[in-house]
$ cat run06.cif   # mmCIF, C-alpha atoms
data_final
loop_
_atom_site.label_atom_id
_atom_site.label_comp_id
_atom_site.auth_asym_id
_atom_site.auth_seq_id
_atom_site.Cartn_x
_atom_site.Cartn_y
_atom_site.Cartn_z
CA MET L 238 -61.96 -15.81 158.12
CA LEU L 239 -60.09 -18.54 156.23
CA ILE L 240 -60.31 -16.54 153.02
CA LEU L 241 -59.33 -13.26 154.66
CA ASN L 242 -56.39 -14.90 156.41
CA ALA L 243 -55.20 -16.46 153.13
CA LEU L 244 -55.48 -13.06 151.42
CA LEU L 245 -53.47 -11.43 154.21
CA ALA L 246 -50.85 -14.20 154.05
CA GLY L 247 -50.54 -13.70 150.27
CA LEU L 248 -50.15 -9.93 150.71
CA ILE L 249 -47.46 -10.30 153.38
CA PHE L 250 -45.68 -13.06 151.43
CA ALA L 251 -45.51 -10.86 148.32
CA THR L 252 -44.39 -7.82 150.34
CA GLY L 253 -41.59 -9.97 151.75
CA LEU L 254 -40.55 -10.95 148.23
CA ILE L 255 -40.52 -7.30 147.11
CA VAL L 256 -38.60 -6.06 150.18
CA SER L 257 -36.06 -8.89 149.93
CA GLY L 258 -35.33 -8.12 146.27
CA MET L 259 -36.29 -11.64 145.19
CA ALA L 260 -39.10 -10.36 142.96
CA ASN L 261 -36.28 -9.40 140.59
CA PRO L 262 -35.00 -12.35 138.53
CA ALA L 263 -31.66 -10.57 137.94
CA LYS L 264 -31.10 -10.71 141.73
CA VAL L 265 -32.00 -14.41 141.87
CA LEU L 266 -29.65 -15.18 138.97
CA GLY L 267 -26.94 -13.28 140.85
CA PHE L 268 -27.41 -15.77 143.70
CA LEU L 269 -27.36 -18.77 141.36
CA ASP L 270 -24.17 -17.56 139.65
CA ILE L 271 -21.65 -19.14 142.03
CA GLY L 272 -19.12 -19.37 139.19
CA GLY L 273 -19.14 -15.61 138.66
CA ASN L 274 -19.88 -12.57 140.81
CA TRP L 275 -21.95 -14.17 143.59
CA ASP L 276 -24.73 -12.29 145.44
CA PRO L 277 -25.46 -14.26 148.67
CA SER L 278 -28.62 -12.22 149.53
CA LEU L 279 -30.98 -15.18 149.03
CA VAL L 280 -29.27 -17.03 151.88
CA PHE L 281 -30.37 -14.20 154.19
CA VAL L 282 -33.95 -14.35 152.84
CA MET L 283 -34.10 -18.08 153.58
CA ALA L 284 -32.54 -17.64 157.03
CA GLY L 285 -35.04 -14.92 157.99
CA ALA L 286 -38.01 -16.87 156.66
CA ILE L 287 -36.99 -20.12 158.35
CA ALA L 288 -36.25 -18.38 161.67
CA VAL L 289 -39.87 -17.18 161.87
CA ALA L 290 -41.66 -20.07 160.16
CA SER L 291 -39.94 -22.75 162.25
CA VAL L 292 -41.60 -21.20 165.32
CA GLY L 293 -44.93 -21.13 163.43
CA PHE L 294 -44.66 -24.81 162.47
CA ALA L 295 -43.53 -25.84 165.97
CA ILE L 296 -46.80 -24.36 167.28
CA GLY L 297 -48.85 -25.60 164.32
CA ARG L 298 -47.68 -29.19 164.82
CA ARG L 299 -49.37 -29.23 168.24
CA LEU L 300 -52.76 -27.99 166.99
CA LYS L 301 -55.64 -30.39 166.30
CA ARG L 302 -57.53 -27.75 164.29
CA SER L 303 -56.30 -24.41 162.97
CA LEU L 304 -57.13 -21.17 164.82
CA PHE L 305 -60.01 -20.62 162.35
CA ASN L 306 -61.17 -24.21 162.81
CA ALA L 307 -59.85 -25.79 159.59
CA PRO L 308 -58.26 -29.25 159.62
CA MET L 309 -54.45 -29.17 159.84
CA SER L 310 -53.27 -30.41 156.47
CA LEU L 311 -49.52 -30.76 156.81
CA PRO L 312 -47.47 -33.00 154.49
CA THR L 313 -46.99 -36.59 155.61
CA ALA L 314 -44.73 -37.84 152.78
CA THR L 315 -41.18 -38.65 153.82
CA ARG L 316 -39.95 -40.74 150.86
CA ILE L 317 -37.17 -39.34 148.73
CA ASP L 318 -38.08 -40.88 145.38
CA ARG L 319 -37.35 -40.32 141.73
CA ARG L 320 -40.41 -38.07 141.27
CA LEU L 321 -39.15 -35.72 143.98
CA LEU L 322 -35.58 -35.55 142.67
CA ALA L 323 -36.36 -35.47 138.92
CA GLY L 324 -39.12 -32.88 139.48
CA SER L 325 -36.81 -30.72 141.60
CA ALA L 326 -34.04 -30.99 138.98
CA MET L 327 -36.49 -29.85 136.26
CA PHE L 328 -37.69 -26.99 138.44
CA GLY L 329 -34.11 -25.94 139.22
CA ALA L 330 -33.22 -25.92 135.52
CA GLY L 331 -36.19 -23.65 134.73
CA TRP L 332 -35.36 -21.45 137.74
CA GLY L 333 -31.76 -21.10 136.52
CA LEU L 334 -32.82 -20.30 132.94
CA ALA L 335 -35.01 -17.30 133.78
CA GLY L 336 -34.46 -16.52 137.49
CA PHE L 337 -38.17 -16.96 138.23
CA CYS L 338 -39.83 -19.35 140.65
CA PRO L 339 -43.61 -19.50 141.16
CA GLY L 340 -44.04 -16.80 143.86
CA PRO L 341 -41.97 -13.98 142.34
CA VAL L 342 -43.28 -14.57 138.82
CA LEU L 343 -46.93 -14.36 139.94
CA LEU L 344 -46.13 -11.11 141.70
CA SER L 345 -44.33 -9.66 138.68
CA ALA L 346 -47.16 -10.74 136.38
CA GLY L 347 -49.61 -9.06 138.77
CA SER L 348 -47.63 -5.84 138.64
CA GLY L 349 -47.95 -5.83 134.84
CA GLU L 350 -44.65 -7.24 133.54
CA PHE L 351 -45.42 -8.71 130.11
CA LYS L 352 -42.51 -11.17 130.17
CA ALA L 353 -43.60 -12.46 133.58
CA MET L 354 -47.12 -13.03 132.23
CA LEU L 355 -45.65 -15.10 129.41
CA PHE L 356 -43.73 -17.21 131.93
CA VAL L 357 -46.89 -17.65 134.06
CA ILE L 358 -48.89 -18.90 131.07
CA ALA L 359 -46.16 -21.45 130.24
CA MET L 360 -45.98 -22.48 133.92
CA LEU L 361 -49.77 -23.00 134.08
CA VAL L 362 -49.60 -25.08 130.88
CA GLY L 363 -46.81 -27.13 132.50
CA MET L 364 -48.95 -27.71 135.60
CA LYS L 365 -51.88 -28.76 133.41
CA ILE L 366 -49.63 -31.18 131.50
CA PHE L 367 -48.72 -32.74 134.86
CA SER L 368 -52.41 -33.09 135.87
CA LEU L 369 -53.34 -34.68 132.53
CA ALA L 370 -50.38 -37.09 132.70
CA GLU L 371 -51.42 -38.08 136.24
CA GLN L 372 -55.03 -38.66 135.16
CA ARG L 373 -53.86 -40.88 132.30
CA ALA L 374 -51.57 -42.83 134.62
CA THR L 375 -54.42 -43.58 137.04
CA GLN L 376 -56.81 -44.53 134.21
CA THR L 377 -54.43 -47.02 132.60
CA ASN L 378 -53.46 -48.62 135.93
CA MET B 89 -16.10 -17.17 142.79
CA SER B 90 -16.14 -13.61 144.12
CA ILE B 91 -18.76 -11.92 146.29
CA ASP B 92 -20.79 -9.29 144.42
CA LEU B 93 -20.64 -6.60 147.13
CA ALA B 94 -22.31 -4.00 144.88
CA HIS B 95 -25.53 -6.04 144.77
CA PHE B 96 -25.34 -7.82 148.14
CA THR B 97 -28.19 -6.53 150.36
CA PRO B 98 -28.19 -8.55 153.60
CA LEU B 99 -30.54 -6.35 155.65
CA PRO B 100 -33.45 -5.97 153.18
CA ALA B 101 -33.01 -9.67 152.37
CA LEU B 102 -33.31 -10.60 156.04
CA ALA B 103 -36.29 -8.24 156.57
CA GLY B 104 -38.08 -9.65 153.52
CA GLY B 105 -37.33 -13.16 154.75
CA LEU B 106 -38.91 -12.39 158.14
CA LEU B 107 -42.09 -11.24 156.35
CA ILE B 108 -42.16 -14.42 154.23
CA GLY B 109 -41.79 -16.47 157.43
CA LEU B 110 -44.62 -14.47 159.02
CA ALA B 111 -46.88 -15.17 156.02
CA ALA B 112 -46.13 -18.92 156.23
CA THR B 113 -46.87 -18.81 159.99
CA LEU B 114 -50.22 -17.05 159.43
CA LEU B 115 -51.27 -19.63 156.85
CA VAL B 116 -50.34 -22.67 158.90
CA LEU B 117 -51.82 -21.41 162.19
CA GLY B 118 -54.94 -19.85 160.62
CA ASN B 119 -55.71 -22.24 157.77
CA GLY B 120 -53.67 -25.33 158.65
CA ARG B 121 -52.00 -25.03 155.26
CA ILE B 122 -48.49 -24.91 153.79
CA ALA B 123 -47.57 -21.64 152.07
CA GLY B 124 -46.23 -23.38 148.97
CA ILE B 125 -46.97 -21.33 145.87
CA SER B 126 -46.79 -24.18 143.33
CA GLY B 127 -49.08 -26.36 145.44
CA ILE B 128 -51.59 -23.56 146.02
CA LEU B 129 -51.62 -22.71 142.31
CA GLY B 130 -51.74 -26.38 141.23
CA GLY B 131 -54.74 -27.00 143.48
CA LEU B 132 -56.46 -24.00 141.97
CA LEU B 133 -56.11 -25.52 138.47
CA ASP B 134 -57.24 -28.95 139.61
CA ALA B 135 -60.88 -29.45 138.60
CA THR B 136 -61.62 -31.65 141.59
CA SER B 137 -60.23 -29.25 144.14
CA SER B 138 -63.06 -28.35 146.52
CA ASP B 139 -61.06 -25.79 148.48
CA ARG B 140 -60.50 -23.21 145.79
CA ALA B 141 -61.54 -20.07 147.70
CA TRP B 142 -58.56 -19.74 150.07
CA ARG B 143 -56.16 -20.60 147.24
CA ALA B 144 -57.65 -17.89 145.02
CA ALA B 145 -57.47 -15.42 147.92
CA PHE B 146 -53.78 -16.15 148.51
CA VAL B 147 -52.93 -15.74 144.81
CA LEU B 148 -55.00 -12.54 144.70
CA GLY B 149 -52.83 -11.28 147.57
CA LEU B 150 -49.70 -11.94 145.49
CA PHE B 151 -51.18 -10.03 142.54
CA VAL B 152 -52.45 -7.07 144.52
CA ALA B 153 -49.44 -6.57 146.84
CA PRO B 154 -47.27 -4.72 144.29
CA TRP B 155 -50.10 -2.23 143.68
CA ILE B 156 -50.47 -1.52 147.39
CA PHE B 157 -46.67 -1.30 147.74
CA ARG B 158 -46.59 1.20 144.87
CA PHE B 159 -49.08 3.35 146.76
CA PHE B 160 -46.47 3.96 149.52
CA THR B 161 -43.17 3.86 147.66
CA ALA B 162 -41.65 3.02 144.29
CA LEU B 163 -41.43 -0.66 143.39
CA PRO B 164 -37.86 -1.91 143.03
CA VAL B 165 -36.71 -2.27 139.43
CA VAL B 166 -37.30 -5.69 137.90
CA THR B 167 -34.87 -6.77 135.18
CA ILE B 168 -35.96 -9.70 132.99
CA THR B 169 -33.15 -10.41 130.54
CA SER B 170 -34.41 -13.75 129.20
CA SER B 171 -35.88 -13.82 125.69
CA PRO B 172 -39.52 -14.91 125.19
CA PRO B 173 -38.63 -18.44 123.96
CA VAL B 174 -36.37 -19.00 126.99
CA LEU B 175 -39.15 -17.74 129.29
CA VAL B 176 -41.60 -20.23 127.76
CA VAL B 177 -39.20 -23.18 128.15
CA ALA B 178 -38.32 -22.10 131.71
CA GLY B 179 -42.01 -21.68 132.60
CA LEU B 180 -42.86 -25.17 131.33
CA LEU B 181 -39.96 -26.69 133.30
CA VAL B 182 -40.99 -24.86 136.47
CA GLY B 183 -44.66 -25.83 136.04
CA ILE B 184 -44.08 -29.53 135.39
CA GLY B 185 -41.11 -29.87 137.77
CA THR B 186 -42.71 -28.23 140.82
CA ARG B 187 -45.82 -30.40 140.50
CA TYR B 188 -43.81 -33.62 140.22
CA ALA B 189 -41.69 -32.57 143.17
CA SER B 190 -44.79 -31.42 145.13
CA GLY B 191 -43.17 -28.10 145.95
CA CYS B 192 -40.89 -25.22 145.06
CA THR B 193 -38.75 -22.62 146.84
CA SER B 194 -41.58 -21.77 149.24
CA GLY B 195 -43.14 -25.19 149.92
CA HIS B 196 -39.90 -27.17 150.21
CA GLY B 197 -37.34 -24.39 150.72
CA VAL B 198 -39.08 -22.26 153.36
CA CYS B 199 -41.89 -24.38 154.85
CA GLY B 200 -40.26 -27.81 154.46
CA LEU B 201 -36.95 -26.78 156.00
CA SER B 202 -38.85 -24.99 158.81
CA ARG B 203 -40.67 -28.26 159.55
CA GLY B 204 -37.35 -30.10 159.63
CA SER B 205 -38.35 -32.32 156.68
CA ILE B 206 -35.48 -34.38 155.22
CA ARG B 207 -37.53 -34.90 152.04
CA SER B 208 -37.77 -31.11 151.58
CA LEU B 209 -34.04 -30.77 152.28
CA ALA B 210 -33.36 -33.28 149.47
CA ALA B 211 -35.69 -31.33 147.13
CA THR B 212 -34.11 -27.98 148.04
CA ALA B 213 -30.56 -29.29 147.59
CA THR B 214 -31.57 -30.72 144.19
CA PHE B 215 -33.24 -27.61 142.77
CA MET B 216 -30.47 -25.36 144.09
CA ALA B 217 -27.82 -27.62 142.51
CA ALA B 218 -29.77 -27.67 139.22
CA GLY B 219 -30.10 -23.86 139.36
CA PHE B 220 -26.36 -23.38 140.01
CA PHE B 221 -25.54 -25.80 137.21
CA THR B 222 -27.91 -24.17 134.71
CA VAL B 223 -26.59 -20.67 135.37
CA PHE B 224 -23.01 -21.93 135.14
CA VAL B 225 -23.70 -23.53 131.77
CA THR B 226 -25.70 -20.61 130.31
CA ARG B 227 -23.48 -17.79 131.63
CA HIS B 228 -20.00 -19.25 131.58
CA LEU B 229 -19.99 -22.09 129.01
CA LEU B 230 -22.56 -20.99 126.41
CA ARG B 231 -22.31 -17.25 127.33
CA PHE B 232 -25.98 -16.36 126.74
#
$ encode --input "run06.cif" --output "structure tokens"
Amino acid sequence: MLILNALLAGLIFATGLIVSGMANPAKVLGFLDIGGNWDPSLVFVMAGAIAVASVGFAIGRRLKRSLFNAPMSLPTATRIDRRLLAGSAMFGAGWGLAGFCPGPVLLSAGSGEFKAMLFVIAMLVGMKIFSLAEQRATQTN
Amino acid sequence: MSIDLAHFTPLPALAGGLLIGLAATLLVLGNGRIAGISGILGGLLDATSSDRAWRAAFVLGLFVAPWIFRFFTALPVVTITSSPPVLVVAGLLVGIGTRYASGCTSGHGVCGLSRGSIRSLAATATFMAAGFFTVFVTRHLLRF
């Protein structure tokens, strides 16, 4: 059930991205271009998503186990540190360069866009670089 | 600044957002997990991750959805203007940055803000500001 539910969540998530227009990097760049001709659509995507998910998390917070009996693994970190801010700044720079963030680019790669596949490979390499750097940091400490 | 009325699509944007919120709700209530794409993908790459199956299933859903969508109606046009070298640099930045920040648009932006997390609000404000700044520099100062 856990696997089926995750598959269904992925399908619905991606359908939401397609319907909202956010699978298209040109649309995302239109939102990020506040100095030019600004397309505020992404604000509406966020508002719709948060309106529904805030109800979901309000219920989820009260559960001891998930509906399919998995442990609730919700984030516990609250610290706003340099890793969070520097990482977010790096992510934002990459997002602004190409108009892709992880969800939409996976979807576009899945639909057969060659340029999206290229981005995904670079993104996976970036994630691997992070893992290796973390391993090194724990070994030397 | 001017509003781009020709491309502004509030209703599909809102409808798509509701679906994204529904997906995040399904994952937290069913699996007890955050629908954060970078975290799900990062955990899939991690050799020690024992819970790979649900992560793989979620990513498979992302891959397969456009093909199912295409079965009912035409996929919206996707325009990728960036050159291959820019895509590689951007991909590296997104990969490294989202892992250091422990989240991206979905994990911090949608799920974090829905949980009322101040940490996620700080992350979202930072990546949005960096995105605005980058587009301003590339489009209006360097004129890519």
$ resolve_selection --input "run06.cif" --expression "the PyMOL selection byres ((chain B and resi 219) around 9)" --output "VMD selection string"
(chain L and resid 266 269 to 270 326 328 to 334 336) or (chain B and resid 214 to 218 220 to 224)
$ write_last_selection --input "run06.cif" --atoms "C-alpha atoms" --output "mmCIF file, keeping the file's coordinate frame"
data_model
loop_
_atom_site.group_PDB
_atom_site.id
_atom_site.type_symbol
_atom_site.label_atom_id
_atom_site.label_comp_id
_atom_site.auth_asym_id
_atom_site.auth_seq_id
_atom_site.Cartn_x
_atom_site.Cartn_y
_atom_site.Cartn_z
ATOM 1 C CA LEU L 266 -29.650 -15.180 138.970
ATOM 2 C CA LEU L 269 -27.360 -18.770 141.360
ATOM 3 C CA ASP L 270 -24.170 -17.560 139.650
ATOM 4 C CA ALA L 326 -34.040 -30.990 138.980
ATOM 5 C CA PHE L 328 -37.690 -26.990 138.440
ATOM 6 C CA GLY L 329 -34.110 -25.940 139.220
ATOM 7 C CA ALA L 330 -33.220 -25.920 135.520
ATOM 8 C CA GLY L 331 -36.190 -23.650 134.730
ATOM 9 C CA TRP L 332 -35.360 -21.450 137.740
ATOM 10 C CA GLY L 333 -31.760 -21.100 136.520
ATOM 11 C CA LEU L 334 -32.820 -20.300 132.940
ATOM 12 C CA GLY L 336 -34.460 -16.520 137.490
ATOM 13 C CA THR B 214 -31.570 -30.720 144.190
ATOM 14 C CA PHE B 215 -33.240 -27.610 142.770
ATOM 15 C CA MET B 216 -30.470 -25.360 144.090
ATOM 16 C CA ALA B 217 -27.820 -27.620 142.510
ATOM 17 C CA ALA B 218 -29.770 -27.670 139.220
ATOM 18 C CA PHE B 220 -26.360 -23.380 140.010
ATOM 19 C CA PHE B 221 -25.540 -25.800 137.210
ATOM 20 C CA THR B 222 -27.910 -24.170 134.710
ATOM 21 C CA VAL B 223 -26.590 -20.670 135.370
ATOM 22 C CA PHE B 224 -23.010 -21.930 135.140
#
$ atom_distance --input "run06.cif" --atom1 "atom CA of L:Met238" --atom2 "atom CA of B:Gly118"
8.5 Å
$ residues_around --input "run06.cif" --residues "L:Leu239" --least-positions-apart "4" --cutoff "7 Å" --atoms "all atoms listed in the file" --output "short mmCIF file (atom, residue, chain, number, x, y, z; two decimals) with C-alpha atoms, keeping the file's coordinate frame"
data_model
loop_
_atom_site.label_atom_id
_atom_site.label_comp_id
_atom_site.auth_asym_id
_atom_site.auth_seq_id
_atom_site.Cartn_x
_atom_site.Cartn_y
_atom_site.Cartn_z
CA ALA L 243 -55.20 -16.46 153.13
CA PHE L 305 -60.01 -20.62 162.35
CA GLY B 118 -54.94 -19.85 160.62
CA ASN B 119 -55.71 -22.24 157.77
CA TRP B 142 -58.56 -19.74 150.07
#
$ atom_distance --input "run06.cif" --atom1 "atom CA of B:Arg227" --atom2 "atom CA of B:Ile168"
14.9 Å
$ resolve_selection --input "run06.cif" --expression "the PyMOL selection byres ((chain L and resi 289) around 9)" --output "number ranges by chain"
L: 284-288, 290-293; B: 105-110, 112-113, 202
$ interface_residues --input "run06.cif" --of "chain B" --to "chain L" --cutoff "6 Å" --atoms "only C-alpha atoms" --output "ChimeraX atom specification"
/B:89-92,96-98,100-102,104-109,111,113,117-121,125,142,145-146,149-151,153-154,166-167,170,175-176,178-186,188-189,198,202,207,211,214-215,218-220,222-223
$ atom_distance --input "run06.cif" --atom1 "atom CA of B:Gly195" --atom2 "atom CA of B:Ile122"
6.6 Å
$ closest_residue --input "run06.cif" --among "B:Val177, B:Val165, B:Val147, B:Ala123" --to "B:Cys192" --atoms "only C-alpha atoms"
B:Ala123
